[in-house]
Amino acid sequence: MEKQNIKLGLLGFGTVGTGVVRIISAHQEDLQKQTGLGIEITKILVQNAEKSRHISSVDSLVTTDANEILQDPEIEVIVEVIGGIHPAKEYILEALERGKHVVTANKDLMALHGAEILNKAQEKGCDVFYEASVAGGIPILRALVEGFSSDRITKMMGIVNGTTNYILTKMSQEGAEYADVLKEAQALGYAEANPTSDVEGFDAARKMAILATLGFRVPMKLEDVDVKGISEVSKEDIAYGKQLGYEVKLLGLARRDEEAIEVSVQPTLVPKSHPLASVNGVFNAVYVHGEAVGETMFYGPGAGELPTATAVVSDLVTVVKNRKLGVNGRGMVAPYKEKVLKDNSQKLSKYFLRIVVADKRGVLAQITQLLADKNISLEQVIQQPYNNEGEAEIIMVTHISSKSDMDSVLVFMEQMDIVSKVKSCYRVEGGDK
Ligand code: NDP
Ligand code: HSE
């Protein structure tokens, strides 16, 4: 006789784990109608059994012994929401070894060890889904794998880190300093006590590596992603950007030209008219351009208990549906295209430059000559007095240049007597090209 419930082991009972318990309990009837089976949480792994939990009705399920879940033959699916690499990786591999399906929200693990985990899943005929790992509640991975399966994606631009978007939004809207807003974000619980992974762009880089792998069907690695965070973005950069018609965002960019790919995360100026410029606060968005479909954009909460848990439980529904159809482990398409990475001469972009120069005759001409020597022309220029010591600030937006040409301009500028400081250089994206 067909089972009425599928048994689930939950690894982790923090923010996301609590949301998973709530959604499974509140939506049980709907889930059953969609899959024909109930989802029954049989054990919940935690680190500290003494901690008081938000949901007391499942107190009896809590354990600190992972083997009670991993070695229980009745448990068919595990949800890993512990986070980090160890012991999450070992638990997932053991679960797969024992033929259990896996749902995880762990971007760190999937960005670093996704290929190993997916290979093991394929070998064992198991499902592994990780929708919640990128952009929390936005079903972007499913969109890339299923919704765009008939198209060829050329570009993805993502605001995929809520903490940094909150900081940049506050800096833009209130003219606040980076350090002050970071403190506020920590006090509100958006930024971690150690916010390095968020503010230095590593969290976004992991998510972009996952998006690029699925979107371009190429095995991207974390080290293929160029990363620069927001810790050096100043309120002046943001104010000048606004004056020139842009917002500054920590933008993940994955672009394919012919077969050559670039993936990066860096502070980027986005025209105010572009929909990504209006993505504010902790919200996330991913813009996807496909050869056939053209422009699309996905917007929503990138984190939080219930939004993230929704993605986890939707993955569970897919596991249960696959089980009913007898197709677990057969739906995954491994990256099948060769990885060809662009060199810096192939990475094309406009640039925003802010430099402090001597305020005297001919200086602007020397700067524009240097740019012209590298085939870079200017789209917009502002010159402002900088201080009372005879210096001025030049703020420019260039036309499209290669990264290699811009890098060599920066090296020359640093050596020019008339340039006392290159304050900032950021990519400009999202305009006409
Ligand atoms: P939390 O820190 O809130 O919860 C982690 C849970 O795992 C806790 O219950 C903790 O136990 C348990 N745990 C930690 N280490 C171990 C261990 N070694 N053995 C057993 N249990 C352990 O994390 P989140 O819920 O915020 O995040 C979980 C995952 O979801 C991460 O991969 C994260 O990146 C991802 N994610 C989170 C989002 C969010 O909004 N929070 C958004 C998108 C993804 P105890 O309770 O006893 O301390
Ligand atoms: N630290 C992440 C963020 C949480 O700020 O977006 C969601 O992955």
# chains A, B, ... in the order shown; residues from 1 in each chain; ligands from 1
call {"tool": "residues_around", "arguments": {"residues": "Arg427 in chain A", "least_positions_apart": "2", "cutoff": "9 Å", "atoms": "only C-alpha atoms", "output": "PyMOL selection string"}}
result
chain A and resi 266-270+349-353+425+429
call {"tool": "residues_around", "arguments": {"residues": "Met332 in chain A", "least_positions_apart": "6", "cutoff": "10 Å", "atoms": "only C-alpha atoms", "output": "CSV table (one decimal) with N, CA, C and O atoms, in the first residue's frame"}}
result
chain,number,residue,atom,x,y,z
A,118,LEU,N,26.6,17.0,-6.3
A,118,LEU,CA,25.7,16.6,-7.4
A,118,LEU,C,26.1,15.3,-8.0
A,118,LEU,O,25.3,14.5,-8.4
A,121,ALA,N,25.0,12.6,-5.8
A,121,ALA,CA,23.5,12.4,-6.0
A,121,ALA,C,23.2,11.6,-7.2
A,121,ALA,O,22.3,10.7,-7.2
A,122,GLN,N,23.9,12.0,-8.3
A,122,GLN,CA,23.6,11.3,-9.6
A,122,GLN,C,24.0,9.8,-9.5
A,122,GLN,O,23.2,8.9,-9.9
A,126,CYS,N,19.7,10.1,-6.4
A,126,CYS,CA,19.0,11.0,-5.5
A,126,CYS,C,18.8,12.4,-6.0
A,126,CYS,O,19.6,12.9,-6.8
A,127,ASP,N,17.8,13.1,-5.5
A,127,ASP,CA,17.6,14.5,-5.8
A,127,ASP,C,18.5,15.4,-4.8
A,127,ASP,O,18.6,15.0,-3.7
A,128,VAL,N,19.0,16.5,-5.4
A,128,VAL,CA,19.6,17.5,-4.5
A,128,VAL,C,19.1,18.8,-5.1
A,128,VAL,O,19.3,19.1,-6.2
A,129,PHE,N,18.3,19.6,-4.2
A,129,PHE,CA,17.8,20.9,-4.6
A,129,PHE,C,18.3,21.9,-3.7
A,129,PHE,O,18.4,21.7,-2.5
A,145,VAL,N,16.8,26.9,-14.6
A,145,VAL,CA,16.9,25.5,-15.0
A,145,VAL,C,15.7,25.1,-15.9
A,145,VAL,O,15.9,24.4,-16.9
call {"tool": "closest_atom_pairs", "arguments": {"of": "chain A", "to": "ligand 2", "cutoff": "7 Å", "atoms": "only C-alpha atoms and all ligand atoms", "output": "JSON lines"}}
result
{"residue": "A:Ser133", "atom": "CA", "partner": "ligand 2", "partner_atom_place_in_ligand_line": "8 (O)", "distance": 6.7}
{"residue": "A:Val134", "atom": "CA", "partner": "ligand 2", "partner_atom_place_in_ligand_line": "8 (O)", "distance": 6.6}
{"residue": "A:Ala135", "atom": "CA", "partner": "ligand 2", "partner_atom_place_in_ligand_line": "8 (O)", "distance": 6.5}
{"residue": "A:Gly136", "atom": "CA", "partner": "ligand 2", "partner_atom_place_in_ligand_line": "7 (C)", "distance": 6.3}
{"residue": "A:Val160", "atom": "CA", "partner": "ligand 2", "partner_atom_place_in_ligand_line": "6 (O)", "distance": 6.1}
{"residue": "A:Asn161", "atom": "CA", "partner": "ligand 2", "partner_atom_place_in_ligand_line": "6 (O)", "distance": 3.5}
{"residue": "A:Gly162", "atom": "CA", "partner": "ligand 2", "partner_atom_place_in_ligand_line": "6 (O)", "distance": 3.7}
{"residue": "A:Thr163", "atom": "CA", "partner": "ligand 2", "partner_atom_place_in_ligand_line": "5 (O)", "distance": 3.8}
{"residue": "A:Thr164", "atom": "CA", "partner": "ligand 2", "partner_atom_place_in_ligand_line": "5 (O)", "distance": 6.6}
{"residue": "A:Tyr190", "atom": "CA", "partner": "ligand 2", "partner_atom_place_in_ligand_line": "5 (O)", "distance": 6.5}
{"residue": "A:Ala191", "atom": "CA", "partner": "ligand 2", "partner_atom_place_in_ligand_line": "5 (O)", "distance": 6.6}
{"residue": "A:Asp198", "atom": "CA", "partner": "ligand 2", "partner_atom_place_in_ligand_line": "1 (N)", "distance": 5.8}
{"residue": "A:Asp203", "atom": "CA", "partner": "ligand 2", "partner_atom_place_in_ligand_line": "2 (C)", "distance": 6.7}
{"residue": "A:Gly302", "atom": "CA", "partner": "ligand 2", "partner_atom_place_in_ligand_line": "7 (C)", "distance": 5.7}
{"residue": "A:Ala303", "atom": "CA", "partner": "ligand 2", "partner_atom_place_in_ligand_line": "7 (C)", "distance": 4.6}
call {"tool": "write_last_selection", "arguments": {"atoms": "N, CA and C atoms", "output": "compact mmCIF listing (two decimals), in the first residue's frame"}}
result
# COMPACT_ATOMS: atom_id res chain seq x y z
N SER A 133 19.36 28.76 -1.71
CA SER A 133 20.75 29.21 -1.53
C SER A 133 21.03 30.54 -2.22
N VAL A 134 20.24 30.88 -3.23
CA VAL A 134 20.45 32.16 -3.93
C VAL A 134 19.16 32.97 -3.88
N ALA A 135 19.27 34.16 -3.36
CA ALA A 135 18.15 35.10 -3.36
C ALA A 135 16.92 34.55 -2.62
N GLY A 136 17.17 33.85 -1.50
CA GLY A 136 16.13 33.40 -0.55
C GLY A 136 14.80 33.01 -1.17
N VAL A 160 22.21 40.37 -5.03
CA VAL A 160 21.94 39.11 -4.36
C VAL A 160 22.42 39.10 -2.90
N ASN A 161 22.76 40.27 -2.39
CA ASN A 161 23.12 40.35 -0.97
C ASN A 161 22.33 41.48 -0.33
N GLY A 162 21.44 41.09 0.59
CA GLY A 162 20.53 42.07 1.20
C GLY A 162 21.25 43.04 2.13
N THR A 163 22.26 42.53 2.85
CA THR A 163 22.97 43.38 3.81
C THR A 163 23.62 44.57 3.11
N THR A 164 24.35 44.30 2.05
CA THR A 164 25.04 45.39 1.34
C THR A 164 24.04 46.30 0.64
N TYR A 190 20.63 42.65 10.49
CA TYR A 190 20.81 42.34 9.06
C TYR A 190 22.23 41.88 8.81
N ALA A 191 23.20 42.63 9.34
CA ALA A 191 24.61 42.25 9.12
C ALA A 191 25.09 41.44 10.31
N ASP A 198 29.66 39.41 3.79
CA ASP A 198 28.68 40.25 3.07
C ASP A 198 29.36 41.46 2.45
N ASP A 203 29.80 36.63 -0.11
CA ASP A 203 28.48 35.99 -0.12
C ASP A 203 27.85 36.12 -1.51
N GLY A 302 15.39 38.36 -0.19
CA GLY A 302 16.54 37.48 -0.39
C GLY A 302 16.87 36.67 0.84
N ALA A 303 16.16 36.90 1.94
CA ALA A 303 16.46 36.20 3.18
C ALA A 303 15.23 36.28 4.08
call {"tool": "atom_distance", "arguments": {"atom1": "CA of Ser52 in chain A", "atom2": "atom 16 (C, counted along the ligand's line) of ligand 1"}}
result
15.5 Å
call {"tool": "residues_around", "arguments": {"residues": "Ala358 in chain A", "least_positions_apart": "4", "cutoff": "12 Å", "atoms": "only C-alpha atoms", "output": "PyMOL selection string"}}
result
chain A and resi 362-364+366-367+383-394+416-421
call {"tool": "residues_near_ligand", "arguments": {"ligand": "ligand 1", "cutoff": "6 Å", "atoms": "only C-alpha atoms and all ligand atoms", "output": "list in words"}}
result
Gly12, Phe13, Gly14, Thr15, Val16, Gly17, Leu45, Val46, Gln47, Asn48, Ala49, Val81, Ile82, Gly83, Gly84, Pro87, Ala105, Asn106, Lys107, Ala132, Ser133, Gly136, Ala303, Gly304, Glu305 and Thr308 of chain A
call {"tool": "write_last_selection", "arguments": {"atoms": "N, CA and C atoms", "output": "PDB file, in the first residue's frame"}}
result
ATOM      1  N   GLY A  12      19.224  21.307  11.529  1.00  0.00           N
ATOM      2  CA  GLY A  12      19.257  22.755  11.799  1.00  0.00           C
ATOM      3  C   GLY A  12      17.870  23.269  12.140  1.00  0.00           C
ATOM      4  N   PHE A  13      17.800  24.028  13.251  1.00  0.00           N
ATOM      5  CA  PHE A  13      16.502  24.548  13.726  1.00  0.00           C
ATOM      6  C   PHE A  13      16.688  26.007  14.125  1.00  0.00           C
ATOM      7  N   GLY A  14      17.419  26.749  13.263  1.00  0.00           N
ATOM      8  CA  GLY A  14      17.598  28.175  13.511  1.00  0.00           C
ATOM      9  C   GLY A  14      16.547  28.957  12.724  1.00  0.00           C
ATOM     10  N   THR A  15      16.973  30.053  12.106  1.00  0.00           N
ATOM     11  CA  THR A  15      16.019  30.904  11.380  1.00  0.00           C
ATOM     12  C   THR A  15      15.274  30.118  10.305  1.00  0.00           C
ATOM     13  N   VAL A  16      16.019  29.493   9.402  1.00  0.00           N
ATOM     14  CA  VAL A  16      15.368  28.815   8.269  1.00  0.00           C
ATOM     15  C   VAL A  16      14.675  27.532   8.734  1.00  0.00           C
ATOM     16  N   GLY A  17      15.354  26.772   9.605  1.00  0.00           N
ATOM     17  CA  GLY A  17      14.754  25.532  10.101  1.00  0.00           C
ATOM     18  C   GLY A  17      13.404  25.791  10.759  1.00  0.00           C
ATOM     19  N   LEU A  45      17.834  18.028  14.019  1.00  0.00           N
ATOM     20  CA  LEU A  45      19.172  18.094  14.596  1.00  0.00           C
ATOM     21  C   LEU A  45      19.513  19.527  14.991  1.00  0.00           C
ATOM     22  N   VAL A  46      20.021  19.678  16.213  1.00  0.00           N
ATOM     23  CA  VAL A  46      20.506  20.994  16.673  1.00  0.00           C
ATOM     24  C   VAL A  46      21.872  20.786  17.309  1.00  0.00           C
ATOM     25  N   GLN A  47      22.505  21.912  17.640  1.00  0.00           N
ATOM     26  CA  GLN A  47      23.804  21.822  18.291  1.00  0.00           C
ATOM     27  C   GLN A  47      23.620  21.840  19.809  1.00  0.00           C
ATOM     28  N   ASN A  48      22.699  22.701  20.254  1.00  0.00           N
ATOM     29  CA  ASN A  48      22.515  22.922  21.681  1.00  0.00           C
ATOM     30  C   ASN A  48      21.091  22.522  22.084  1.00  0.00           C
ATOM     31  N   ALA A  49      20.994  21.379  22.732  1.00  0.00           N
ATOM     32  CA  ALA A  49      19.662  20.850  23.074  1.00  0.00           C
ATOM     33  C   ALA A  49      18.974  21.684  24.153  1.00  0.00           C
ATOM     34  N   VAL A  81      19.862  22.817   6.905  1.00  0.00           N
ATOM     35  CA  VAL A  81      19.856  24.265   7.148  1.00  0.00           C
ATOM     36  C   VAL A  81      20.703  24.573   8.393  1.00  0.00           C
ATOM     37  N   ILE A  82      21.856  23.891   8.431  1.00  0.00           N
ATOM     38  CA  ILE A  82      22.851  24.162   9.473  1.00  0.00           C
ATOM     39  C   ILE A  82      23.701  25.344   9.013  1.00  0.00           C
ATOM     40  N   GLY A  83      24.125  25.281   7.748  1.00  0.00           N
ATOM     41  CA  GLY A  83      25.009  26.306   7.177  1.00  0.00           C
ATOM     42  C   GLY A  83      26.472  25.935   7.334  1.00  0.00           C
ATOM     43  N   GLY A  84      27.348  26.665   6.659  1.00  0.00           N
ATOM     44  CA  GLY A  84      28.784  26.407   6.722  1.00  0.00           C
ATOM     45  C   GLY A  84      29.167  25.155   5.957  1.00  0.00           C
ATOM     46  N   PRO A  87      29.950  20.508   9.687  1.00  0.00           N
ATOM     47  CA  PRO A  87      29.799  19.149   9.162  1.00  0.00           C
ATOM     48  C   PRO A  87      28.713  19.013   8.096  1.00  0.00           C
ATOM     49  N   ALA A 105      19.893  24.945   1.860  1.00  0.00           N
ATOM     50  CA  ALA A 105      19.873  26.392   1.597  1.00  0.00           C
ATOM     51  C   ALA A 105      21.298  26.936   1.609  1.00  0.00           C
ATOM     52  N   ASN A 106      22.273  26.033   1.523  1.00  0.00           N
ATOM     53  CA  ASN A 106      23.659  26.355   1.853  1.00  0.00           C
ATOM     54  C   ASN A 106      24.463  26.813   0.627  1.00  0.00           C
ATOM     55  N   LYS A 107      24.531  28.154   0.431  1.00  0.00           N
ATOM     56  CA  LYS A 107      25.243  28.656  -0.768  1.00  0.00           C
ATOM     57  C   LYS A 107      26.740  28.448  -0.645  1.00  0.00           C
ATOM     58  N   ALA A 132      16.883  27.763  -2.152  1.00  0.00           N
ATOM     59  CA  ALA A 132      16.996  28.842  -1.153  1.00  0.00           C
ATOM     60  C   ALA A 132      18.397  29.413  -1.046  1.00  0.00           C
ATOM     61  N   SER A 133      19.365  28.761  -1.708  1.00  0.00           N
ATOM     62  CA  SER A 133      20.754  29.214  -1.529  1.00  0.00           C
ATOM     63  C   SER A 133      21.030  30.542  -2.222  1.00  0.00           C
ATOM     64  N   GLY A 136      17.166  33.848  -1.497  1.00  0.00           N
ATOM     65  CA  GLY A 136      16.128  33.404  -0.554  1.00  0.00           C
ATOM     66  C   GLY A 136      14.798  33.015  -1.168  1.00  0.00           C
ATOM     67  N   ALA A 303      16.163  36.903   1.936  1.00  0.00           N
ATOM     68  CA  ALA A 303      16.464  36.202   3.181  1.00  0.00           C
ATOM     69  C   ALA A 303      15.233  36.277   4.079  1.00  0.00           C
ATOM     70  N   GLY A 304      15.405  35.754   5.309  1.00  0.00           N
ATOM     71  CA  GLY A 304      14.307  35.802   6.278  1.00  0.00           C
ATOM     72  C   GLY A 304      13.687  34.434   6.451  1.00  0.00           C
ATOM     73  N   GLU A 305      13.103  34.249   7.636  1.00  0.00           N
ATOM     74  CA  GLU A 305      12.611  32.912   8.012  1.00  0.00           C
ATOM     75  C   GLU A 305      11.635  32.323   6.986  1.00  0.00           C
ATOM     76  N   THR A 308      12.676  32.296   2.980  1.00  0.00           N
ATOM     77  CA  THR A 308      13.688  31.283   2.667  1.00  0.00           C
ATOM     78  C   THR A 308      13.095  29.891   2.823  1.00  0.00           C
TER      79      THR A 308
END
call {"tool": "closest_residue", "arguments": {"among": "A:Gly252, A:Leu37, A:Leu93, A:Glu123", "to": "Arg330 in chain A", "atoms": "only C-alpha atoms"}}
result
A:Glu123
call {"tool": "residues_around", "arguments": {"residues": "Asn119 in chain A", "least_positions_apart": "5", "cutoff": "9 Å", "atoms": "only C-alpha atoms", "output": "PyMOL selection string"}}
result
chain A and resi 114+124+334
call {"tool": "residues_around", "arguments": {"residues": "range 20-23 of chain A", "least_positions_apart": "6", "cutoff": "8 Å", "atoms": "only C-alpha atoms", "output": "list in words"}}
result
Ile41, Leu306, Ala309, Thr310, Val312 and Val313 of chain A
call {"tool": "closest_atom_pairs", "arguments": {"of": "range 173-229 of chain A", "to": "range 284-290 of chain A", "cutoff": "12 Å", "atoms": "only C-alpha atoms", "output": "CSV"}}
result
residue,atom,partner,partner_atom,distance
A:Ala204,CA,A:Asn284,CA,10.8
A:Lys207,CA,A:Val286,CA,11.0
A:Met208,CA,A:Val286,CA,10.1
A:Leu211,CA,A:Val286,CA,9.6
A:Ala212,CA,A:Val288,CA,10.9
A:Gly215,CA,A:Val288,CA,9.0
A:Phe216,CA,A:Gly290,CA,10.5
call {"tool": "write_last_selection", "arguments": {"atoms": "all heavy atoms", "output": "mmCIF file, in the first residue's frame"}}
result
data_model
loop_
_atom_site.group_PDB
_atom_site.id
_atom_site.type_symbol
_atom_site.label_atom_id
_atom_site.label_comp_id
_atom_site.auth_asym_id
_atom_site.auth_seq_id
_atom_site.Cartn_x
_atom_site.Cartn_y
_atom_site.Cartn_z
ATOM 1 N N ALA A 204 27.921 37.311 -2.072
ATOM 2 C CA ALA A 204 27.342 37.530 -3.417
ATOM 3 C C ALA A 204 28.103 36.726 -4.464
ATOM 4 O O ALA A 204 27.506 36.192 -5.412
ATOM 5 C CB ALA A 204 27.364 39.017 -3.753
ATOM 6 N N LYS A 207 26.890 33.219 -4.609
ATOM 7 C CA LYS A 207 25.589 33.138 -5.285
ATOM 8 C C LYS A 207 25.750 33.313 -6.798
ATOM 9 O O LYS A 207 25.085 32.635 -7.587
ATOM 10 C CB LYS A 207 24.642 34.191 -4.701
ATOM 11 C CG LYS A 207 24.296 33.906 -3.231
ATOM 12 C CD LYS A 207 23.631 35.085 -2.558
ATOM 13 C CE LYS A 207 23.268 34.789 -1.109
ATOM 14 N NZ LYS A 207 22.883 35.984 -0.342
ATOM 15 N N MET A 208 26.645 34.213 -7.210
ATOM 16 C CA MET A 208 26.839 34.422 -8.649
ATOM 17 C C MET A 208 27.473 33.194 -9.303
ATOM 18 O O MET A 208 27.180 32.876 -10.457
ATOM 19 C CB MET A 208 27.699 35.674 -8.912
ATOM 20 C CG MET A 208 27.000 36.986 -8.613
ATOM 21 S SD MET A 208 25.360 37.207 -9.368
ATOM 22 C CE MET A 208 25.735 37.166 -11.122
ATOM 23 N N LEU A 211 24.567 30.922 -9.862
ATOM 24 C CA LEU A 211 23.723 31.411 -10.966
ATOM 25 C C LEU A 211 24.400 31.176 -12.316
ATOM 26 O O LEU A 211 23.756 30.742 -13.283
ATOM 27 C CB LEU A 211 23.448 32.913 -10.808
ATOM 28 C CG LEU A 211 22.498 33.343 -9.687
ATOM 29 C CD1 LEU A 211 22.345 34.865 -9.682
ATOM 30 C CD2 LEU A 211 21.122 32.698 -9.853
ATOM 31 N N ALA A 212 25.698 31.473 -12.395
ATOM 32 C CA ALA A 212 26.393 31.339 -13.681
ATOM 33 C C ALA A 212 26.474 29.872 -14.105
ATOM 34 O O ALA A 212 26.307 29.554 -15.287
ATOM 35 C CB ALA A 212 27.786 31.952 -13.592
ATOM 36 N N GLY A 215 22.845 29.058 -15.168
ATOM 37 C CA GLY A 215 22.357 29.863 -16.299
ATOM 38 C C GLY A 215 23.125 29.592 -17.578
ATOM 39 O O GLY A 215 22.532 29.512 -18.659
ATOM 40 N N PHE A 216 24.447 29.441 -17.465
ATOM 41 C CA PHE A 216 25.263 29.234 -18.667
ATOM 42 C C PHE A 216 25.569 27.757 -18.918
ATOM 43 O O PHE A 216 26.191 27.416 -19.909
ATOM 44 C CB PHE A 216 26.590 30.004 -18.550
ATOM 45 C CG PHE A 216 26.430 31.507 -18.482
ATOM 46 C CD1 PHE A 216 27.270 32.276 -17.687
ATOM 47 C CD2 PHE A 216 25.455 32.158 -19.222
ATOM 48 C CE1 PHE A 216 27.153 33.660 -17.626
ATOM 49 C CE2 PHE A 216 25.325 33.545 -19.176
ATOM 50 C CZ PHE A 216 26.164 34.299 -18.374
#
call {"tool": "residues_around", "arguments": {"residues": "Gln71 in chain A", "least_positions_apart": "5", "cutoff": "10 Å", "atoms": "only C-alpha atoms", "output": "number ranges by chain"}}
result
A: 66, 94-95, 98
call {"tool": "residues_around", "arguments": {"residues": "Ile75 in chain A", "least_positions_apart": "6", "cutoff": "7 Å", "atoms": "only C-alpha atoms", "output": "list in words"}}
result
Lys7, Leu8, Gly9 and Ile69 of chain A
call {"tool": "write_last_selection", "arguments": {"atoms": "all heavy atoms", "output": "mmCIF file, in the first residue's frame"}}
result
data_model
loop_
_atom_site.group_PDB
_atom_site.id
_atom_site.type_symbol
_atom_site.label_atom_id
_atom_site.label_comp_id
_atom_site.auth_asym_id
_atom_site.auth_seq_id
_atom_site.Cartn_x
_atom_site.Cartn_y
_atom_site.Cartn_z
ATOM 1 N N LYS A 7 8.885 10.743 5.189
ATOM 2 C CA LYS A 7 9.558 11.134 6.442
ATOM 3 C C LYS A 7 10.789 11.984 6.144
ATOM 4 O O LYS A 7 11.574 11.662 5.254
ATOM 5 C CB LYS A 7 9.939 9.891 7.245
ATOM 6 C CG LYS A 7 8.709 9.168 7.780
ATOM 7 C CD LYS A 7 9.104 8.091 8.755
ATOM 8 C CE LYS A 7 7.959 7.152 9.102
ATOM 9 N NZ LYS A 7 6.940 7.666 9.961
ATOM 10 N N LEU A 8 10.891 13.032 6.947
ATOM 11 C CA LEU A 8 11.905 14.047 6.712
ATOM 12 C C LEU A 8 12.762 14.246 7.957
ATOM 13 O O LEU A 8 12.237 14.308 9.068
ATOM 14 C CB LEU A 8 11.170 15.358 6.373
ATOM 15 C CG LEU A 8 11.923 16.673 6.487
ATOM 16 C CD1 LEU A 8 12.876 16.804 5.331
ATOM 17 C CD2 LEU A 8 10.949 17.837 6.476
ATOM 18 N N GLY A 9 14.073 14.343 7.774
ATOM 19 C CA GLY A 9 14.969 14.723 8.863
ATOM 20 C C GLY A 9 15.452 16.138 8.628
ATOM 21 O O GLY A 9 15.926 16.464 7.531
ATOM 22 N N ILE A 69 19.291 10.661 12.500
ATOM 23 C CA ILE A 69 18.640 11.014 11.231
ATOM 24 C C ILE A 69 19.295 10.274 10.072
ATOM 25 O O ILE A 69 18.627 9.603 9.283
ATOM 26 C CB ILE A 69 18.713 12.546 11.004
ATOM 27 C CG1 ILE A 69 17.873 13.252 12.070
ATOM 28 C CG2 ILE A 69 18.268 12.915 9.592
ATOM 29 C CD1 ILE A 69 17.979 14.759 12.079
#
call {"tool": "select_by_dssp", "arguments": {"residues": "range 136-369 of chain A", "states": "strand (DSSP E)", "output": "PyMOL selection string"}}
result
chain A and resi 153-159+225-227+246-257+260-271+283-290+294-301+340-341+348-358
call {"tool": "atom_distance", "arguments": {"atom1": "CA of Asp257 in chain A", "atom2": "CA of Lys347 in chain A"}}
result
9.5 Å
call {"tool": "closest_residue", "arguments": {"among": "A:Leu222, A:Ile138, A:Ile238, A:Ile261", "to": "Ala111 in chain A", "atoms": "only C-alpha atoms"}}
result
A:Leu222
call {"tool": "closest_residue", "arguments": {"among": "A:Thr154, A:Gln28, A:Thr35, A:Ser264", "to": "Val317 in chain A", "atoms": "only C-alpha atoms"}}
result
A:Thr35
call {"tool": "closest_residue", "arguments": {"among": "A:Tyr299, A:Phe412, A:Tyr426, A:Tyr130", "to": "Asn280 in chain A", "atoms": "only C-alpha atoms"}}
result
A:Tyr299
call {"tool": "atom_distance", "arguments": {"atom1": "CA of Val199 in chain A", "atom2": "CA of Gly241 in chain A"}}
result
19.7 Å
call {"tool": "closest_residue", "arguments": {"among": "A:Ile376, A:Met396, A:Ile355, A:Ile92", "to": "Glu414 in chain A", "atoms": "only C-alpha atoms"}}
result
A:Ile355
